[in-house]
$ cat final-v3.cif   # mmCIF, C-alpha atoms and all ligand atoms
data_model
#
loop_
_atom_site.label_atom_id
_atom_site.label_comp_id
_atom_site.auth_asym_id
_atom_site.auth_seq_id
_atom_site.Cartn_x
_atom_site.Cartn_y
_atom_site.Cartn_z
CA MET S 16 -154.29 -20.61 3.60
CA THR S 17 -156.30 -17.50 4.38
CA ARG S 18 -155.30 -13.85 4.32
CA THR S 19 -154.92 -13.82 8.11
CA ASP S 20 -151.94 -16.19 7.86
CA LEU S 21 -149.95 -13.44 6.17
CA GLN S 22 -148.62 -10.39 7.94
CA PRO S 23 -148.58 -7.30 5.68
CA VAL S 24 -144.99 -6.21 5.08
CA ALA S 25 -143.58 -2.94 3.70
CA PHE S 26 -142.24 -3.13 0.14
CA PRO S 27 -138.55 -4.12 0.53
CA THR S 28 -136.16 -1.59 -1.05
CA GLU S 29 -132.76 -2.53 0.41
CA ARG S 30 -130.50 -3.99 -2.28
CA THR S 31 -127.23 -5.80 -1.70
CA CYS S 32 -126.30 -5.83 -5.40
CA PRO S 33 -127.12 -2.78 -7.58
CA PHE S 34 -128.35 -5.05 -10.40
CA SER S 35 -130.56 -7.41 -8.43
CA PRO S 36 -133.90 -6.97 -6.69
CA PRO S 37 -133.85 -6.54 -2.89
CA PRO S 38 -133.17 -9.99 -1.35
CA LYS S 39 -136.22 -9.66 0.93
CA LEU S 40 -138.40 -9.23 -2.16
CA THR S 41 -137.15 -12.42 -3.79
CA GLU S 42 -137.33 -14.34 -0.48
CA LEU S 43 -140.96 -13.27 -0.26
CA ARG S 44 -141.55 -14.54 -3.82
CA ASP S 45 -140.07 -17.93 -2.97
CA GLU S 46 -142.33 -18.30 0.07
CA HIS S 47 -145.49 -16.45 -0.95
CA PRO S 48 -145.66 -15.26 -4.58
CA VAL S 49 -148.88 -13.47 -3.59
CA SER S 50 -148.52 -11.79 -0.20
CA ARG S 51 -149.88 -8.91 1.89
CA LEU S 52 -148.39 -5.47 1.42
CA ALA S 53 -148.42 -2.60 3.94
CA TYR S 54 -148.66 0.70 2.05
CA PRO S 55 -147.05 3.80 3.60
CA ASP S 56 -150.48 5.48 3.93
CA GLY S 57 -151.45 2.88 6.52
CA THR S 58 -153.66 0.72 4.28
CA ASP S 59 -152.99 -2.92 3.39
CA GLY S 60 -153.11 -4.50 -0.04
CA TRP S 61 -151.32 -7.19 -2.00
CA LEU S 62 -147.84 -7.73 -3.39
CA VAL S 63 -147.38 -10.05 -6.35
CA THR S 64 -143.82 -11.30 -6.87
CA GLY S 65 -144.21 -14.62 -8.73
CA TYR S 66 -144.00 -14.73 -12.53
CA ALA S 67 -147.20 -16.75 -13.12
CA ALA S 68 -149.22 -14.67 -10.62
CA ALA S 69 -147.90 -11.41 -12.16
CA ARG S 70 -149.02 -12.47 -15.64
CA ALA S 71 -152.36 -13.59 -14.29
CA VAL S 72 -153.04 -10.18 -12.66
CA LEU S 73 -151.89 -8.17 -15.68
CA ASN S 74 -154.04 -10.25 -18.03
CA ASP S 75 -157.21 -10.24 -15.92
CA PRO S 76 -159.90 -7.63 -16.71
CA ARG S 77 -161.12 -7.83 -13.10
CA PHE S 78 -158.02 -5.82 -12.15
CA SER S 79 -158.36 -2.14 -13.04
CA SER S 80 -155.63 0.38 -13.91
CA ARG S 81 -157.78 3.41 -13.16
CA GLY S 82 -156.13 6.30 -11.34
CA GLU S 83 -158.31 6.04 -8.23
CA HIS S 84 -156.66 2.69 -7.34
CA ARG S 85 -153.15 4.10 -7.42
CA ARG S 86 -151.25 3.81 -4.19
CA MET S 87 -147.47 3.95 -4.15
CA ALA S 88 -145.80 1.12 -2.27
CA VAL S 89 -142.88 3.40 -1.33
CA GLY S 90 -142.80 7.11 -0.44
CA GLU S 91 -145.31 9.50 1.03
CA GLY S 92 -146.67 11.24 -2.06
CA ALA S 93 -150.34 10.74 -2.86
CA PRO S 94 -151.03 10.33 -6.60
CA GLY S 95 -152.33 13.51 -8.24
CA PRO S 96 -155.50 13.80 -10.32
CA THR S 97 -155.46 11.89 -13.61
CA ARG S 98 -155.33 14.17 -16.66
CA PRO S 99 -157.49 13.58 -19.75
CA GLY S 100 -155.84 11.33 -22.34
CA VAL S 101 -153.47 9.53 -19.94
CA PHE S 102 -154.61 6.11 -21.10
CA ILE S 103 -152.24 4.12 -18.87
CA PHE S 104 -154.82 4.90 -16.15
CA MET S 105 -157.85 3.74 -18.14
CA ASP S 106 -159.60 0.39 -18.60
CA PRO S 107 -161.16 -1.00 -21.77
CA PRO S 108 -163.22 0.08 -23.63
CA GLU S 109 -162.06 3.67 -22.88
CA HIS S 110 -158.42 2.53 -22.91
CA SER S 111 -158.81 0.75 -26.27
CA ARG S 112 -160.08 3.94 -27.93
CA PHE S 113 -156.80 5.71 -27.10
CA ARG S 114 -154.47 2.75 -27.37
CA LYS S 115 -155.47 1.97 -30.95
CA LEU S 116 -154.37 5.45 -32.03
CA PHE S 117 -150.91 4.68 -30.69
CA THR S 118 -150.28 1.07 -31.68
CA GLY S 119 -150.03 2.16 -35.33
CA GLU S 120 -147.35 4.70 -34.34
CA PHE S 121 -145.03 2.07 -32.89
CA THR S 122 -145.17 -0.67 -35.49
CA VAL S 123 -141.92 -2.33 -36.51
CA ARG S 124 -142.09 -0.46 -39.84
CA ARG S 125 -142.66 3.02 -38.35
CA THR S 126 -140.02 2.39 -35.74
CA ARG S 127 -137.52 1.33 -38.41
CA ASN S 128 -138.09 4.67 -40.13
CA LEU S 129 -136.98 6.38 -36.94
CA GLU S 130 -133.82 4.28 -36.67
CA PRO S 131 -131.56 6.56 -38.80
CA LYS S 132 -132.60 9.46 -36.55
CA VAL S 133 -131.77 7.43 -33.44
CA GLU S 134 -128.37 6.62 -35.02
CA ARG S 135 -127.70 10.31 -35.68
CA ILE S 136 -128.85 11.46 -32.22
CA THR S 137 -126.61 8.83 -30.59
CA ALA S 138 -123.61 9.75 -32.76
CA ASP S 139 -124.07 13.41 -31.77
CA ARG S 140 -124.07 12.50 -28.09
CA ILE S 141 -120.91 10.45 -28.50
CA ALA S 142 -119.27 13.41 -30.25
CA ALA S 143 -120.39 15.66 -27.37
CA MET S 144 -118.83 13.23 -24.86
CA ARG S 145 -115.54 13.34 -26.78
CA ASP S 146 -115.64 17.16 -26.82
CA ILE S 147 -116.09 17.29 -23.04
CA GLY S 148 -113.39 14.67 -22.50
CA PRO S 149 -113.23 12.03 -19.76
CA PRO S 150 -114.51 11.65 -17.13
CA VAL S 151 -118.05 12.27 -18.35
CA ASP S 152 -121.34 11.64 -16.52
CA LEU S 153 -122.94 9.19 -18.94
CA VAL S 154 -126.40 9.78 -17.44
CA ARG S 155 -126.32 13.52 -18.17
CA GLU S 156 -124.60 13.42 -21.55
CA PHE S 157 -125.95 10.21 -23.05
CA ALA S 158 -128.72 8.33 -21.20
CA LEU S 159 -131.02 11.31 -20.52
CA PRO S 160 -130.75 13.27 -23.81
CA ILE S 161 -131.07 10.36 -26.27
CA PRO S 162 -134.64 9.30 -25.38
CA SER S 163 -135.94 12.86 -25.06
CA LEU S 164 -134.49 13.83 -28.47
CA VAL S 165 -136.02 10.67 -29.95
CA ILE S 166 -139.41 11.63 -28.46
CA CYS S 167 -138.99 15.12 -30.05
CA GLU S 168 -138.64 13.39 -33.43
CA LEU S 169 -141.52 11.03 -32.74
CA LEU S 170 -143.98 13.72 -31.66
CA GLY S 171 -142.81 16.18 -34.32
CA VAL S 172 -141.53 18.92 -31.98
CA PRO S 173 -140.25 21.74 -34.25
CA TYR S 174 -136.45 22.00 -34.29
CA GLU S 175 -136.43 25.47 -32.69
CA ASP S 176 -138.31 24.05 -29.66
CA HIS S 177 -135.95 21.11 -29.09
CA ALA S 178 -133.85 22.99 -26.52
CA PHE S 179 -136.98 23.99 -24.54
CA PHE S 180 -138.30 20.42 -24.69
CA GLN S 181 -134.94 18.98 -23.63
CA ARG S 182 -134.50 21.39 -20.74
CA HIS S 183 -137.93 20.83 -19.22
CA SER S 184 -138.12 17.09 -19.81
CA GLU S 185 -134.78 16.73 -18.00
CA THR S 186 -135.91 18.97 -15.12
CA MET S 187 -138.98 16.73 -14.75
CA LEU S 188 -136.59 13.87 -13.92
CA ASP S 189 -133.89 15.75 -12.03
CA TYR S 190 -133.50 14.43 -8.47
CA ASP S 191 -131.45 17.50 -7.54
CA ARG S 192 -134.33 19.95 -8.25
CA SER S 193 -136.91 21.14 -5.74
CA MET S 194 -140.49 19.88 -6.00
CA ASP S 195 -141.59 23.40 -7.12
CA GLU S 196 -139.13 23.35 -10.03
CA VAL S 197 -140.29 19.89 -11.10
CA VAL S 198 -143.98 20.85 -10.90
CA GLU S 199 -143.28 24.01 -12.91
CA ALA S 200 -141.48 21.99 -15.61
CA PHE S 201 -144.49 19.61 -15.85
CA GLN S 202 -146.82 22.57 -16.15
CA LEU S 203 -144.73 24.29 -18.85
CA MET S 204 -144.46 21.05 -20.79
CA ALA S 205 -148.23 20.40 -20.59
CA GLU S 206 -148.94 23.93 -21.88
CA PHE S 207 -146.35 23.52 -24.64
CA LEU S 208 -147.88 20.23 -25.79
CA THR S 209 -151.38 21.75 -25.85
CA ARG S 210 -150.08 24.59 -28.08
CA LEU S 211 -148.31 22.02 -30.25
CA VAL S 212 -151.52 19.98 -30.70
CA ARG S 213 -153.29 23.14 -31.95
CA LEU S 214 -150.43 23.89 -34.32
CA LYS S 215 -150.51 20.32 -35.69
CA ARG S 216 -154.26 20.58 -36.29
CA GLU S 217 -153.68 23.71 -38.37
CA ARG S 218 -150.51 22.55 -40.13
CA PRO S 219 -150.30 18.75 -40.02
CA GLN S 220 -147.02 17.02 -40.82
CA ASP S 221 -145.84 13.42 -40.99
CA ASP S 222 -145.56 12.78 -37.23
CA LEU S 223 -147.37 11.14 -34.34
CA LEU S 224 -148.87 14.28 -32.88
CA SER S 225 -150.33 15.43 -36.24
CA ARG S 226 -152.06 12.07 -36.65
CA VAL S 227 -153.35 12.11 -33.05
CA ALA S 228 -154.47 15.74 -33.45
CA ALA S 229 -156.42 14.73 -36.57
CA SER S 230 -158.37 12.09 -34.59
CA ASP S 231 -161.55 12.71 -32.59
CA LEU S 232 -159.61 13.46 -29.39
CA THR S 233 -160.01 16.86 -27.74
CA ASP S 234 -156.95 19.14 -27.48
CA GLU S 235 -156.60 18.23 -23.79
CA GLU S 236 -156.85 14.50 -24.50
CA ALA S 237 -154.32 14.68 -27.35
CA ALA S 238 -151.90 16.75 -25.23
CA GLY S 239 -152.40 14.40 -22.25
CA SER S 240 -151.59 11.34 -24.31
CA ALA S 241 -148.50 13.09 -25.73
CA MET S 242 -147.44 13.87 -22.16
CA LEU S 243 -147.92 10.18 -21.32
CA VAL S 244 -145.67 9.16 -24.22
CA LEU S 245 -143.03 11.56 -22.89
CA THR S 246 -143.25 10.48 -19.25
CA ALA S 247 -143.49 6.76 -20.07
CA GLY S 248 -140.78 6.79 -22.74
CA HIS S 249 -138.12 9.12 -21.33
CA GLU S 250 -137.24 8.04 -17.81
CA THR S 251 -137.61 4.31 -18.55
CA THR S 252 -135.24 4.33 -21.51
CA ALA S 253 -132.81 6.70 -19.79
CA LYS S 254 -132.68 4.44 -16.72
CA MET S 255 -132.07 1.37 -18.90
CA LEU S 256 -129.22 3.11 -20.75
CA GLY S 257 -127.52 4.31 -17.56
CA LEU S 258 -127.99 1.18 -15.46
CA GLY S 259 -127.42 -1.09 -18.46
CA THR S 260 -124.04 0.53 -19.17
CA TYR S 261 -123.11 0.15 -15.50
CA LEU S 262 -124.08 -3.52 -15.70
CA LEU S 263 -122.02 -4.16 -18.85
CA LEU S 264 -118.98 -2.43 -17.34
CA SER S 265 -119.33 -4.53 -14.20
CA ARG S 266 -119.53 -7.85 -16.10
CA PRO S 267 -116.50 -7.70 -18.42
CA GLU S 268 -116.90 -11.33 -19.54
CA GLN S 269 -120.44 -10.63 -20.81
CA LEU S 270 -119.37 -7.35 -22.41
CA ALA S 271 -116.54 -9.19 -24.16
CA LEU S 272 -119.09 -11.56 -25.74
CA LEU S 273 -120.98 -8.59 -27.12
CA ARG S 274 -117.85 -6.87 -28.39
CA LYS S 275 -116.78 -10.07 -30.11
CA ASP S 276 -120.16 -10.71 -31.72
CA PRO S 277 -122.23 -7.51 -32.12
CA SER S 278 -125.08 -9.57 -33.62
CA LEU S 279 -125.88 -10.67 -30.05
CA ILE S 280 -127.23 -7.20 -29.30
CA ASP S 281 -130.97 -7.93 -29.76
CA GLY S 282 -130.93 -10.85 -27.32
CA ALA S 283 -128.62 -8.93 -24.99
CA VAL S 284 -131.15 -6.07 -24.77
CA GLU S 285 -133.95 -8.53 -23.84
CA GLU S 286 -131.76 -10.11 -21.17
CA MET S 287 -130.86 -6.70 -19.74
CA LEU S 288 -134.57 -5.77 -19.62
CA ARG S 289 -135.27 -9.00 -17.72
CA TYR S 290 -132.26 -8.78 -15.45
CA LEU S 291 -132.62 -5.12 -14.48
CA SER S 292 -136.44 -4.72 -14.51
CA ILE S 293 -136.24 -1.00 -13.82
CA VAL S 294 -139.99 -0.48 -13.21
CA GLN S 295 -139.93 -1.19 -9.46
CA PHE S 296 -143.33 -0.61 -7.89
CA GLY S 297 -145.38 1.46 -10.36
CA ILE S 298 -147.42 -1.48 -11.66
CA ILE S 299 -150.60 -1.06 -9.64
CA ARG S 300 -154.06 -2.50 -10.11
CA GLY S 301 -157.30 -2.42 -8.14
CA ALA S 302 -159.57 -5.46 -7.88
CA THR S 303 -163.07 -4.64 -9.16
CA GLN S 304 -164.46 -7.99 -7.94
CA ASP S 305 -163.31 -10.65 -5.49
CA VAL S 306 -160.56 -12.65 -7.22
CA GLU S 307 -158.97 -15.95 -6.23
CA LEU S 308 -155.25 -15.87 -7.01
CA GLU S 309 -152.93 -18.75 -6.16
CA GLY S 310 -155.06 -19.71 -3.18
CA ARG S 311 -155.53 -16.16 -1.88
CA ARG S 312 -158.76 -14.21 -1.93
CA ILE S 313 -158.28 -10.64 -3.09
CA ARG S 314 -161.36 -8.61 -2.24
CA ALA S 315 -163.07 -6.09 -4.49
CA GLY S 316 -161.53 -2.65 -3.88
CA GLU S 317 -158.15 -3.96 -2.71
CA VAL S 318 -154.97 -2.69 -4.35
CA VAL S 319 -152.30 -4.93 -5.87
CA THR S 320 -148.68 -3.95 -6.61
CA VAL S 321 -146.87 -6.19 -9.10
CA ALA S 322 -143.09 -6.42 -8.56
CA LEU S 323 -141.79 -7.08 -12.08
CA SER S 324 -138.20 -7.34 -10.82
CA ALA S 325 -138.97 -10.36 -8.61
CA ALA S 326 -141.17 -11.98 -11.29
CA ASN S 327 -138.39 -11.65 -13.88
CA ARG S 328 -136.01 -13.56 -11.58
CA ASP S 329 -138.48 -16.37 -10.86
CA GLY S 330 -136.82 -19.79 -11.23
CA ASP S 331 -140.14 -21.29 -12.35
CA ALA S 332 -139.99 -19.12 -15.48
CA PHE S 333 -136.26 -18.72 -16.20
CA GLN S 334 -133.43 -21.19 -15.82
CA ASP S 335 -130.67 -19.96 -13.50
CA PRO S 336 -132.62 -16.69 -13.12
CA ASP S 337 -129.97 -14.74 -11.20
CA ALA S 338 -127.29 -15.26 -13.83
CA LEU S 339 -126.82 -12.57 -16.45
CA ASP S 340 -126.52 -14.43 -19.74
CA LEU S 341 -126.59 -12.15 -22.77
CA THR S 342 -126.87 -15.18 -25.05
CA ARG S 343 -130.07 -16.60 -23.53
CA SER S 344 -133.57 -16.14 -24.99
CA ALA S 345 -135.23 -13.94 -22.40
CA GLY S 346 -138.14 -12.98 -24.66
CA ARG S 347 -140.84 -13.95 -22.14
CA HIS S 348 -139.70 -11.37 -19.60
CA LEU S 349 -142.16 -8.91 -18.07
CA GLY S 350 -139.90 -5.84 -18.29
CA PHE S 351 -142.46 -4.18 -20.58
CA GLY S 352 -145.40 -5.44 -18.52
CA TYR S 353 -148.07 -7.77 -19.87
CA GLY S 354 -151.69 -7.69 -21.03
CA VAL S 355 -153.61 -4.74 -22.46
CA HIS S 356 -151.24 -2.12 -21.01
CA GLN S 357 -148.05 -3.84 -22.16
CA CYS S 358 -145.63 -1.11 -23.23
CA VAL S 359 -146.88 0.38 -26.49
CA GLY S 360 -143.44 1.92 -27.18
CA GLN S 361 -141.44 -1.28 -26.73
CA GLN S 362 -140.24 -1.54 -30.35
CA LEU S 363 -138.89 1.99 -30.18
CA ALA S 364 -137.27 1.32 -26.80
CA ARG S 365 -135.56 -1.73 -28.31
CA VAL S 366 -134.22 0.28 -31.23
CA GLU S 367 -132.91 2.98 -28.88
CA MET S 368 -131.13 0.45 -26.68
CA ARG S 369 -129.75 -1.53 -29.61
CA VAL S 370 -128.36 1.60 -31.28
CA ALA S 371 -127.15 3.32 -28.10
CA PHE S 372 -125.40 0.33 -26.49
CA GLY S 373 -124.10 -0.75 -29.91
CA GLN S 374 -122.50 2.61 -30.74
CA LEU S 375 -121.22 3.15 -27.21
CA ILE S 376 -119.23 -0.06 -27.07
CA ARG S 377 -118.04 0.26 -30.66
CA GLU S 378 -116.86 3.86 -30.33
CA PHE S 379 -115.25 3.45 -26.91
CA PRO S 380 -113.28 0.18 -26.86
CA GLY S 381 -111.72 1.23 -23.55
CA LEU S 382 -114.95 2.38 -21.83
CA HIS S 383 -114.66 2.02 -18.05
CA LEU S 384 -116.14 3.33 -14.82
CA ALA S 385 -114.47 6.47 -13.54
CA ALA S 386 -115.74 6.05 -9.96
CA ALA S 387 -115.63 3.33 -7.33
CA PRO S 388 -118.82 1.20 -7.25
CA ASP S 389 -119.71 2.49 -3.77
CA GLU S 390 -119.77 6.05 -5.16
CA ILE S 391 -122.48 5.19 -7.69
CA GLU S 392 -125.80 6.22 -6.24
CA THR S 393 -128.98 4.43 -7.26
CA THR S 394 -132.59 5.61 -7.27
CA HIS S 395 -133.74 2.67 -5.14
CA LEU S 396 -136.61 4.65 -3.58
CA SER S 397 -138.18 5.87 -6.80
CA SER S 398 -140.59 3.96 -8.91
CA MET S 399 -137.99 3.74 -11.74
CA TYR S 400 -134.76 2.13 -10.61
CA GLY S 401 -131.45 3.27 -12.06
CA VAL S 402 -128.30 5.25 -11.41
CA ARG S 403 -128.29 8.98 -10.69
CA ARG S 404 -124.88 9.55 -12.27
CA LEU S 405 -122.40 7.30 -14.03
CA PRO S 406 -118.90 8.75 -14.40
CA VAL S 407 -117.08 7.00 -17.25
CA GLY S 408 -113.73 7.28 -18.99
CA TRP S 409 -112.36 5.65 -22.16
C1 LIG N 1 -136.75 0.42 -21.74
C2 LIG N 1 -137.71 1.28 -21.82
C3 LIG N 1 -139.13 1.04 -21.35
C4 LIG N 1 -139.62 0.25 -20.36
C5 LIG N 1 -138.85 -0.67 -19.41
C6 LIG N 1 -141.06 0.42 -20.35
C7 LIG N 1 -141.94 -0.25 -19.50
C8 LIG N 1 -143.31 -0.14 -19.54
C9 LIG N 1 -144.22 -0.91 -18.73
C10 LIG N 1 -143.82 -1.94 -17.68
C11 LIG N 1 -145.50 -0.54 -19.06
C12 LIG N 1 -146.80 -1.12 -18.50
C13 LIG N 1 -147.41 -0.27 -17.42
C14 LIG N 1 -148.63 -0.91 -16.75
O1 LIG N 1 -148.97 -2.06 -17.02
O2 LIG N 1 -149.22 -0.26 -15.88
C15 LIG N 1 -145.38 0.48 -20.08
C16 LIG N 1 -146.45 1.13 -20.66
C17 LIG N 1 -146.32 2.18 -21.57
N1 LIG N 1 -145.16 2.60 -22.18
FE1 LIG N 1 -143.30 1.87 -21.86
N2 LIG N 1 -141.41 1.31 -21.32
C18 LIG N 1 -140.27 1.72 -21.98
C19 LIG N 1 -140.17 2.58 -23.05
C20 LIG N 1 -141.22 3.26 -23.63
C21 LIG N 1 -141.13 4.16 -24.74
C22 LIG N 1 -139.83 4.46 -25.51
C23 LIG N 1 -142.37 4.69 -24.95
C24 LIG N 1 -142.83 5.67 -25.97
C25 LIG N 1 -142.05 6.57 -26.54
C26 LIG N 1 -143.26 4.08 -23.97
C27 LIG N 1 -144.60 4.35 -23.84
C28 LIG N 1 -145.47 3.65 -23.01
C29 LIG N 1 -146.90 3.93 -22.93
C30 LIG N 1 -147.65 5.03 -23.70
C31 LIG N 1 -147.43 3.01 -22.03
C32 LIG N 1 -148.90 2.85 -21.62
C33 LIG N 1 -149.52 1.77 -22.46
C34 LIG N 1 -150.97 1.51 -22.10
O3 LIG N 1 -151.42 1.86 -21.03
O4 LIG N 1 -151.66 0.93 -22.96
N3 LIG N 1 -142.53 3.22 -23.18
N4 LIG N 1 -144.05 0.69 -20.37
#
$ encode --input "final-v3.cif" --output "structure tokens"
Amino acid sequence: MTRTDLQPVAFPTERTCPFSPPPKLTELRDEHPVSRLAYPDGTDGWLVTGYAAARAVLNDPRFSSRGEHRRMAVGEGAPGPTRPGVFIFMDPPEHSRFRKLFTGEFTVRRTRNLEPKVERITADRIAAMRDIGPPVDLVREFALPIPSLVICELLGVPYEDHAFFQRHSETMLDYDRSMDEVVEAFQLMAEFLTRLVRLKRERPQDDLLSRVAASDLTDEEAAGSAMLVLTAGHETTAKMLGLGTYLLLSRPEQLALLRKDPSLIDGAVEEMLRYLSIVQFGIIRGATQDVELEGRRIRAGEVVTVALSAANRDGDAFQDPDALDLTRSAGRHLGFGYGVHQCVGQQLARVEMRVAFGQLIREFPGLHLAAAPDEIETTHLSSMYGVRRLPVGW
């Protein structure tokens, strides 16, 4: 079959179930796991929805992650210029130079050292929820602050700057703020991280930013990579905590399994990552050469969007893919991506989810939604899928 047999379609965003990919996206996968995509800017590219094809793209050096290929499948906004140090938009060997500085920061051992801090941060948020009293918006009081406080610890943000860091990192993700306010928060955070890099060079401590500042990176590169860690690690984890809690509260039989046997938590987290696949359409690559993929010819210069949500529900890769089964082994999921850019912070994300979901269900045996399902708004048009608010009681 040639490219002309396929009509480019817009990226489907309409969901019928808040926890499942848009039905049109999965129908597309079942018919054409590699299909033509119409981008909102009027150009055409490719949409990859099948599991095998997604892995093939993400593991193929002929597909580039560089910023100039970025084209959002949904929304009008054109991508801004790429800042120095933002290695998610680099290819090897430039990417490898940055990435190797960070892999050592997220080893199982280093991440375990952070676990007591994650425990304490989570316990503080649960205490704050009790102080406020039900109903509480779990997104505001729990899902958003936990990952940004963990990133404060990871980067080594001084305690007196935690409130500043918290305030601006939350504004960066606040859908109720104007574009000007969001841009200003990004700017203030970038300036703050540049000052922090200089401080860490002068007075190094035992934290990620001190070690990165001591490398051969420039101040701008070190601050840019710290900003990447913040933007890549905050919204993703927050969305998983909010949407994941909503999922557990909507599937009482699965939640009961977890309450009965808390040792299921590690597998449950993997299954939630697979099932929810919150990174919707931000996985973008540009072909640097002509590539043959599952019978289609992708031409050099064309842009490919990989829909992880559809790939993670592919029946060729997972048995009964649309069933949530917290006891299954979902380890091969693509929720953290695949290939050289696979999430460098995944061990930390796992610890955060294990601790946060674990404490939440232990401390609140009567946790329940405090709103009707049709009142729970999702962020189905943004590149990270999740819930905007989640009112809960206990
Ligand atoms: C549940 C939470 C998370 C999810 C679902 C997630 C997902 C992803 C995905 C899909 C990618 C690949 C992007 C691509 O191929 O273009 C990625 C990359 C990345 N993630 Fe995560 N992530 C999470 C948490 C974190 C955390 C906690 C951190 C750090 C604190 C982090 C830091 C990064 C960085 C720095 C990259 C870029 C890696 C590279 O380009 O080599 N992520 N993440």
$ closest_residue --input "final-v3.cif" --among "S:Asp335, S:Glu168, S:Asp305, S:Asp340" --to "ligand LIG 1 (chain N)" --atoms "all atoms listed in the file"
S:Glu168
$ closest_residue --input "final-v3.cif" --among "S:Val407, S:Leu375, S:Met194, S:Ala253" --to "ligand LIG 1 (chain N)" --atoms "all atoms listed in the file"
S:Ala253
$ residues_around --input "final-v3.cif" --residues "Val198 in chain S" --least-positions-apart "4" --cutoff "12 Å" --atoms "only C-alpha atoms" --output "list in words"
Gly95, His183, Ser184, Thr186, Met187, Leu188, Asp189, Arg192, Ser193, Met194, Gln202, Leu203, Met204 and Ala205 of chain S
$ axis_aligned_box --input "final-v3.cif" --around "ligand LIG 1 (chain N)" --padding-each-side "3 Å" --output "AutoDock Vina command-line options"
--center_x -144.2 --center_y 2.3 --center_z -21.2 --size_x 20.9 --size_y 14.6 --size_z 16.7
$ residues_around --input "final-v3.cif" --residues "Gly360 in chain S" --least-positions-apart "5" --cutoff "9 Å" --atoms "all atoms listed in the file" --output "ChimeraX atom specification"
/S:117-118,120-122,244,247-248,365
$ closest_residue --input "final-v3.cif" --among "S:Tyr174, S:Tyr66, S:Phe104, S:Tyr400" --to "ligand LIG 1 (chain N)" --atoms "all atoms listed in the file"
S:Phe104
$ atom_distance --input "final-v3.cif" --atom1 "CA of Phe379 in chain S" --atom2 "CA of Pro277 in chain S"
14.0 Å
$ atom_distance --input "final-v3.cif" --atom1 "CA of Phe180 in chain S" --atom2 "CA of Gly82 in chain S"
26.4 Å
$ closest_residue --input "final-v3.cif" --among "S:Glu109, S:Glu199, S:Glu156, S:Glu185" --to "ligand LIG 1 (chain N)" --atoms "all atoms listed in the file"
S:Glu109
$ closest_atom_pairs --input "final-v3.cif" --of "range 151-260 of chain S" --to "range 132-145 of chain S" --cutoff "12 Å" --atoms "only C-alpha atoms" --output "CSV"
residue,atom,partner,partner_atom,distance
S:Val151,CA,S:Met144,CA,6.6
S:Asp152,CA,S:Met144,CA,8.9
S:Leu153,CA,S:Met144,CA,8.3
S:Val154,CA,S:Met144,CA,11.1
S:Arg155,CA,S:Met144,CA,10.0
S:Glu156,CA,S:Arg140,CA,6.6
S:Phe157,CA,S:Arg140,CA,5.8
S:Ala158,CA,S:Arg140,CA,9.3
S:Leu159,CA,S:Arg140,CA,10.3
S:Pro160,CA,S:Arg140,CA,8.0
S:Ile161,CA,S:Thr137,CA,6.4
S:Pro162,CA,S:Val133,CA,8.8
S:Ser163,CA,S:Ile136,CA,10.2
S:Leu164,CA,S:Ile136,CA,7.2
S:Val165,CA,S:Val133,CA,6.4
S:Ile166,CA,S:Val133,CA,10.0
S:Cys167,CA,S:Lys132,CA,10.7
S:Glu168,CA,S:Lys132,CA,7.9
S:Leu169,CA,S:Lys132,CA,9.8
S:Leu256,CA,S:Thr137,CA,11.7
$ atom_distance --input "final-v3.cif" --atom1 "CA of Gly57 in chain S" --atom2 "CA of Arg311 in chain S"
21.2 Å
$ residues_near_point --input "final-v3.cif" --point "(-152.7, 19.0, -26.4)" --cutoff "9 Å" --atoms "only C-alpha atoms" --output "ChimeraX atom specification"
/S:205-213,224,228,233-242
$ closest_residue --input "final-v3.cif" --among "S:Leu272, S:Ala68, S:Leu170, S:Ile299" --to "His356 in chain S" --atoms "only C-alpha atoms"
S:Ile299
$ closest_residue --input "final-v3.cif" --among "S:Tyr353, S:Phe296, S:Phe179, S:Phe26" --to "ligand LIG 1 (chain N)" --atoms "all atoms listed in the file"
S:Tyr353
$ residues_around --input "final-v3.cif" --residues "Gly381 in chain S" --least-positions-apart "6" --cutoff "12 Å" --atoms "all atoms listed in the file" --output "ChimeraX atom specification"
/S:149,264,267,270-271,274,375,407-409
$ write_last_selection --input "final-v3.cif" --atoms "C-alpha atoms" --output "mmCIF file, in the frame of the given file"
data_model
loop_
_atom_site.group_PDB
_atom_site.id
_atom_site.type_symbol
_atom_site.label_atom_id
_atom_site.label_comp_id
_atom_site.auth_asym_id
_atom_site.auth_seq_id
_atom_site.Cartn_x
_atom_site.Cartn_y
_atom_site.Cartn_z
ATOM 1 C CA PRO S 149 -113.230 12.030 -19.760
ATOM 2 C CA LEU S 264 -118.980 -2.430 -17.340
ATOM 3 C CA PRO S 267 -116.500 -7.700 -18.420
ATOM 4 C CA LEU S 270 -119.370 -7.350 -22.410
ATOM 5 C CA ALA S 271 -116.540 -9.190 -24.160
ATOM 6 C CA ARG S 274 -117.850 -6.870 -28.390
ATOM 7 C CA LEU S 375 -121.220 3.150 -27.210
ATOM 8 C CA VAL S 407 -117.080 7.000 -17.250
ATOM 9 C CA GLY S 408 -113.730 7.280 -18.990
ATOM 10 C CA TRP S 409 -112.360 5.650 -22.160
#
$ residues_near_point --input "final-v3.cif" --point "(-133.0, 3.9, -10.5)" --cutoff "9 Å" --atoms "all atoms listed in the file" --output "list in words"
Lys254, Met255, Gly257, Leu258, Ile293, Val294, Gln295, Glu392, Thr393, Thr394, His395, Leu396, Ser397, Ser398, Met399, Tyr400, Gly401, Val402 and Arg403 of chain S
